[in-house]
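The structure appears right after this line, and notes come after that.
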Amino acid sequence: SGTSGVDVRFCNTRSITTGSSNIIVAVLDQGIQLNHPDLNVHPTSYDTESGTSPSIIHGTHGTNCAGFISAKTNNSTGVASLAPDCPAMSISNSLYASPDSRQKRADGINFAWNNGASVISNSWESNVQYAIIDNAISNALIYGRSGKGTVVVFASGNGYSSSVSYPANCNSDILAVGSINRNGIKSSFSNYGTALDIVAPGEDLCTTTT
């Protein structure tokens, strides 16, 4: 119902690929519902708060994000994703600030690339830069996928700012993603600037829920 041509080319993309079971997408967020009926969930998961497996649910945001990545298709349930054959690895974190919250998020990044993640998706930001997060991101980019490098994706931030937020802005090899609406216009809340790499629909969307 928006502007013609402003979309993610869903059908054309899926005619090329629907992903692969060998391409694991780690979602570092509030946790994915592991038994969700409409998600392709990887059997390996991790909870950064306790430092143990499996992951747990700290909120709905992780399952929401996973729906865009790995929701099953042609199953008469819920929504459809671009890469239903790519399993989503749940790395759960509360996303609340605490004395050791950045250490825990760094632990999550390190767990993901050390356990086979080809992509790490991060839809969160931090008000303060931390070397421990920078190092974890750098390790993923360099050493992930047996030395090929894991693709690290971060949201540009929802701060109504003309500068991309941290950590999306801390390494030029990070894929920083902003939000647009159905008419191809930048979402009012979405940060932008020189570190922005790409935009995608980010408003009024249907996805999986817990």
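Residues in the structure tokens are named by chain (A, B, ... in the order shown) and by number from 1 within that chain; ligands are numbered from 1 in the order shown.
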
List every residue of range 7-58 of chain A that has an atom at most 7 Å from any atom of range 72-87 of chain A, giving for each one its closest atom pair and the distance in Å to one decimal, counting only C-alpha atoms, sorted by chain and then by ascending residue number, as CSV.
residue,atom,partner,partner_atom,distance
A:Phe10,CA,A:Leu82,CA,6.5
A:Arg14,CA,A:Leu82,CA,6.5
A:Thr18,CA,A:Ala83,CA,4.6
A:Gly19,CA,A:Ala83,CA,4.7
A:Ser20,CA,A:Asp85,CA,4.9
A:Ser21,CA,A:Cys86,CA,5.1
A:Ile23,CA,A:Cys86,CA,5.5
A:Ile24,CA,A:Pro87,CA,5.3
A:Val25,CA,A:Pro87,CA,6.3
A:Asp38,CA,A:Lys72,CA,5.3
A:Leu39,CA,A:Lys72,CA,5.5
A:Asn40,CA,A:Pro87,CA,5.0
A:Val41,CA,A:Pro87,CA,5.1
A:His42,CA,A:Pro87,CA,5.0

Which neighbours of Val27 in chain A fall inside 12 Å, counting only C-alpha atoms, when residues of the same chain fewer than 4 positions from it are skipped, and could you give them as a PyMOL selection string? chain A and resi 31-33+41-42+44-47+55+61-70+86-93+105+108-109+111-113+117-124+152-154

Taking only range 27-165 of chain A into account, list the residues labelled alpha helix (DSSP H) by DSSP (computed from the backbone), as a PyMOL selection string. chain A and resi 61-70+101-114+131-143

Residues just named, written with C-alpha atoms as a short mmCIF file (atom, residue, chain, number, x, y, z; two decimals), in the first residue's frame:
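New file part26.cif:
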data_model
loop_
_atom_site.label_atom_id
_atom_site.label_comp_id
_atom_site.auth_asym_id
_atom_site.auth_seq_id
_atom_site.Cartn_x
_atom_site.Cartn_y
_atom_site.Cartn_z
CA HIS A 61 12.31 -8.26 20.56
CA GLY A 62 14.54 -11.23 19.68
CA THR A 63 11.70 -13.35 18.33
CA ASN A 64 10.41 -10.32 16.42
CA CYS A 65 13.81 -9.83 14.75
CA ALA A 66 14.22 -13.54 13.96
CA GLY A 67 10.97 -13.52 11.98
CA PHE A 68 12.47 -11.29 9.30
CA ILE A 69 15.42 -13.65 8.97
CA SER A 70 14.22 -17.22 9.26
CA SER A 101 26.09 -5.79 30.56
CA ARG A 102 28.69 -4.89 27.91
CA GLN A 103 30.87 -7.80 28.96
CA LYS A 104 27.86 -10.09 28.51
CA ARG A 105 27.10 -8.73 25.05
CA ALA A 106 30.74 -9.20 24.06
CA ASP A 107 30.49 -12.76 25.37
CA GLY A 108 27.47 -13.27 23.13
CA ILE A 109 29.30 -12.03 20.03
CA ASN A 110 32.25 -14.30 20.82
CA PHE A 111 29.99 -17.29 21.42
CA ALA A 112 28.26 -16.73 18.08
CA TRP A 113 31.33 -16.68 15.86
CA ASN A 114 33.04 -19.43 17.84
CA ALA A 131 36.85 -1.81 24.14
CA ILE A 132 35.56 -5.26 25.06
CA ILE A 133 32.72 -4.94 22.54
CA ASP A 134 35.05 -3.48 19.92
CA ASN A 135 37.41 -6.44 20.37
CA ALA A 136 34.62 -9.01 20.14
CA ILE A 137 33.36 -7.45 16.91
CA SER A 138 36.88 -7.34 15.48
CA ASN A 139 37.43 -11.00 16.38
CA ALA A 140 34.19 -11.97 14.64
CA LEU A 141 35.07 -9.99 11.51
CA ILE A 142 38.57 -11.48 11.32
CA TYR A 143 38.35 -15.00 12.72
#

I want to know what sits within 6 Å of Ile180 in chain A, based on only C-alpha atoms, with residues of the same chain fewer than 4 positions away left out; could you give that as an MDAnalysis selection string? chainID A and resid 184:187 200:202

Those same residues - N, CA and C atoms - I'd like them written as a compact mmCIF listing (two decimals), in the first residue's frame.
# COMPACT_ATOMS: atom_id res chain seq x y z
N GLY A 184 9.54 4.70 1.21
CA GLY A 184 10.94 4.90 0.92
C GLY A 184 11.56 6.10 1.61
N ILE A 185 10.87 6.64 2.58
CA ILE A 185 11.36 7.80 3.32
C ILE A 185 11.99 7.33 4.63
N LYS A 186 13.10 7.94 5.01
CA LYS A 186 13.78 7.57 6.24
C LYS A 186 12.81 7.66 7.42
N SER A 187 12.81 6.62 8.24
CA SER A 187 12.00 6.67 9.46
C SER A 187 12.51 7.80 10.34
N ALA A 200 16.43 -0.54 5.15
CA ALA A 200 15.43 -1.58 4.91
C ALA A 200 14.13 -1.16 5.57
N PRO A 201 12.99 -1.70 5.11
CA PRO A 201 11.72 -1.37 5.76
C PRO A 201 11.77 -1.65 7.26
N GLY A 202 11.35 -0.68 8.06
CA GLY A 202 11.42 -0.84 9.51
C GLY A 202 10.22 -0.30 10.26

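Nearest residue to Ile56 in chain A, choosing from A:Thr194, A:Ser126, A:Asn22, A:Ser94 and counting only C-alpha atoms: A:Ser94.
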
Which of range 25-161 of chain A counts as strand (DSSP E or B) under DSSP, as an mmCIF file with N, CA, C and O atoms, in the first residue's frame please?
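That gives us part.cif:
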data_model
loop_
_atom_site.group_PDB
_atom_site.id
_atom_site.type_symbol
_atom_site.label_atom_id
_atom_site.label_comp_id
_atom_site.auth_asym_id
_atom_site.auth_seq_id
_atom_site.Cartn_x
_atom_site.Cartn_y
_atom_site.Cartn_z
ATOM 1 N N VAL A 25 22.558 -17.692 11.208
ATOM 2 C CA VAL A 25 22.441 -16.274 11.552
ATOM 3 C C VAL A 25 22.185 -16.161 13.049
ATOM 4 O O VAL A 25 21.113 -16.521 13.541
ATOM 5 N N ALA A 26 23.176 -15.688 13.781
ATOM 6 C CA ALA A 26 23.013 -15.486 15.219
ATOM 7 C C ALA A 26 22.275 -14.185 15.464
ATOM 8 O O ALA A 26 22.585 -13.155 14.850
ATOM 9 N N VAL A 27 21.291 -14.224 16.344
ATOM 10 C CA VAL A 27 20.527 -13.030 16.710
ATOM 11 C C VAL A 27 20.827 -12.724 18.166
ATOM 12 O O VAL A 27 20.360 -13.414 19.073
ATOM 13 N N LEU A 28 21.675 -11.702 18.391
ATOM 14 C CA LEU A 28 22.005 -11.279 19.752
ATOM 15 C C LEU A 28 20.976 -10.253 20.189
ATOM 16 O O LEU A 28 21.000 -9.104 19.779
ATOM 17 N N ASP A 29 20.058 -10.713 21.026
ATOM 18 C CA ASP A 29 18.913 -9.888 21.384
ATOM 19 C C ASP A 29 18.302 -10.454 22.667
ATOM 20 O O ASP A 29 19.006 -11.107 23.440
ATOM 21 N N LEU A 39 9.422 -20.579 13.072
ATOM 22 C CA LEU A 39 10.812 -20.155 12.947
ATOM 23 C C LEU A 39 11.746 -21.350 12.755
ATOM 24 O O LEU A 39 11.549 -22.405 13.360
ATOM 25 N N VAL A 41 14.867 -22.473 13.889
ATOM 26 C CA VAL A 41 15.755 -22.142 15.006
ATOM 27 C C VAL A 41 16.890 -23.165 15.094
ATOM 28 O O VAL A 41 16.658 -24.372 15.080
ATOM 29 N N TYR A 46 22.486 -19.714 23.491
ATOM 30 C CA TYR A 46 23.313 -19.288 24.636
ATOM 31 C C TYR A 46 22.652 -18.102 25.314
ATOM 32 O O TYR A 46 22.160 -17.182 24.649
ATOM 33 N N ASP A 47 22.661 -18.113 26.640
ATOM 34 C CA ASP A 47 22.162 -16.988 27.423
ATOM 35 C C ASP A 47 23.346 -16.256 28.045
ATOM 36 O O ASP A 47 24.064 -16.818 28.877
ATOM 37 N N THR A 52 25.236 -19.654 30.244
ATOM 38 C CA THR A 52 24.921 -21.065 30.021
ATOM 39 C C THR A 52 23.986 -21.221 28.830
ATOM 40 O O THR A 52 23.419 -20.258 28.333
ATOM 41 N N ALA A 71 11.800 -16.948 9.345
ATOM 42 C CA ALA A 71 10.442 -17.491 9.432
ATOM 43 C C ALA A 71 10.214 -18.498 8.311
ATOM 44 O O ALA A 71 10.609 -18.276 7.165
ATOM 45 N N ALA A 88 18.288 -19.618 12.662
ATOM 46 C CA ALA A 88 18.602 -18.501 13.551
ATOM 47 C C ALA A 88 19.117 -19.038 14.885
ATOM 48 O O ALA A 88 18.449 -19.849 15.536
ATOM 49 N N MET A 89 20.301 -18.601 15.274
ATOM 50 C CA MET A 89 20.889 -18.995 16.558
ATOM 51 C C MET A 89 20.521 -17.945 17.607
ATOM 52 O O MET A 89 20.831 -16.772 17.451
ATOM 53 N N SER A 90 19.893 -18.373 18.668
ATOM 54 C CA SER A 90 19.442 -17.451 19.709
ATOM 55 C C SER A 90 20.563 -17.178 20.706
ATOM 56 O O SER A 90 21.047 -18.079 21.383
ATOM 57 N N ILE A 91 20.989 -15.908 20.796
ATOM 58 C CA ILE A 91 21.933 -15.450 21.808
ATOM 59 C C ILE A 91 21.174 -14.438 22.657
ATOM 60 O O ILE A 91 20.904 -13.323 22.218
ATOM 61 N N SER A 92 20.788 -14.831 23.848
ATOM 62 C CA SER A 92 19.896 -13.981 24.637
ATOM 63 C C SER A 92 20.650 -13.076 25.607
ATOM 64 O O SER A 92 21.636 -13.464 26.222
ATOM 65 N N ALA A 117 28.507 -19.170 13.567
ATOM 66 C CA ALA A 117 27.629 -18.166 12.955
ATOM 67 C C ALA A 117 28.298 -17.520 11.751
ATOM 68 O O ALA A 117 29.433 -17.046 11.834
ATOM 69 N N SER A 118 27.595 -17.497 10.626
ATOM 70 C CA SER A 118 28.079 -16.801 9.440
ATOM 71 C C SER A 118 27.725 -15.320 9.491
ATOM 72 O O SER A 118 28.410 -14.486 8.898
ATOM 73 N N VAL A 119 26.633 -15.012 10.182
ATOM 74 C CA VAL A 119 26.150 -13.641 10.330
ATOM 75 C C VAL A 119 25.758 -13.445 11.789
ATOM 76 O O VAL A 119 25.195 -14.353 12.414
ATOM 77 N N ILE A 120 26.045 -12.262 12.344
ATOM 78 C CA ILE A 120 25.568 -11.897 13.675
ATOM 79 C C ILE A 120 24.727 -10.645 13.535
ATOM 80 O O ILE A 120 25.218 -9.595 13.118
ATOM 81 N N SER A 121 23.440 -10.763 13.862
ATOM 82 C CA SER A 121 22.504 -9.649 13.748
ATOM 83 C C SER A 121 22.308 -9.002 15.112
ATOM 84 O O SER A 121 21.968 -9.675 16.093
ATOM 85 N N ASN A 122 22.499 -7.674 15.156
ATOM 86 C CA ASN A 122 22.412 -6.929 16.419
ATOM 87 C C ASN A 122 21.501 -5.717 16.257
ATOM 88 O O ASN A 122 21.903 -4.726 15.635
ATOM 89 N N SER A 126 24.471 1.162 22.168
ATOM 90 C CA SER A 126 25.012 1.480 23.486
ATOM 91 C C SER A 126 25.369 2.956 23.532
ATOM 92 O O SER A 126 25.828 3.521 22.533
ATOM 93 N N VAL A 151 29.985 -12.006 9.070
ATOM 94 C CA VAL A 151 29.317 -10.745 8.738
ATOM 95 C C VAL A 151 28.639 -10.220 9.999
ATOM 96 O O VAL A 151 27.828 -10.916 10.616
ATOM 97 N N VAL A 152 28.972 -9.003 10.393
ATOM 98 C CA VAL A 152 28.409 -8.398 11.601
ATOM 99 C C VAL A 152 27.485 -7.253 11.186
ATOM 100 O O VAL A 152 27.908 -6.317 10.501
ATOM 101 N N VAL A 153 26.230 -7.355 11.601
ATOM 102 C CA VAL A 153 25.205 -6.379 11.234
ATOM 103 C C VAL A 153 24.704 -5.679 12.496
ATOM 104 O O VAL A 153 24.413 -6.339 13.502
ATOM 105 N N PHE A 154 24.626 -4.360 12.443
ATOM 106 C CA PHE A 154 24.085 -3.582 13.559
ATOM 107 C C PHE A 154 23.052 -2.585 13.054
ATOM 108 O O PHE A 154 23.181 -2.037 11.944
ATOM 109 N N ALA A 155 22.047 -2.331 13.873
ATOM 110 C CA ALA A 155 21.102 -1.249 13.602
ATOM 111 C C ALA A 155 21.826 0.080 13.732
ATOM 112 O O ALA A 155 22.711 0.244 14.591
#

So how many Å separate CA of Ser156 in chain A and CA of Val8 in chain A, to one decimal?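 Going from CA of Ser156 in chain A over to CA of Val8 in chain A, I get 18.2 Å.
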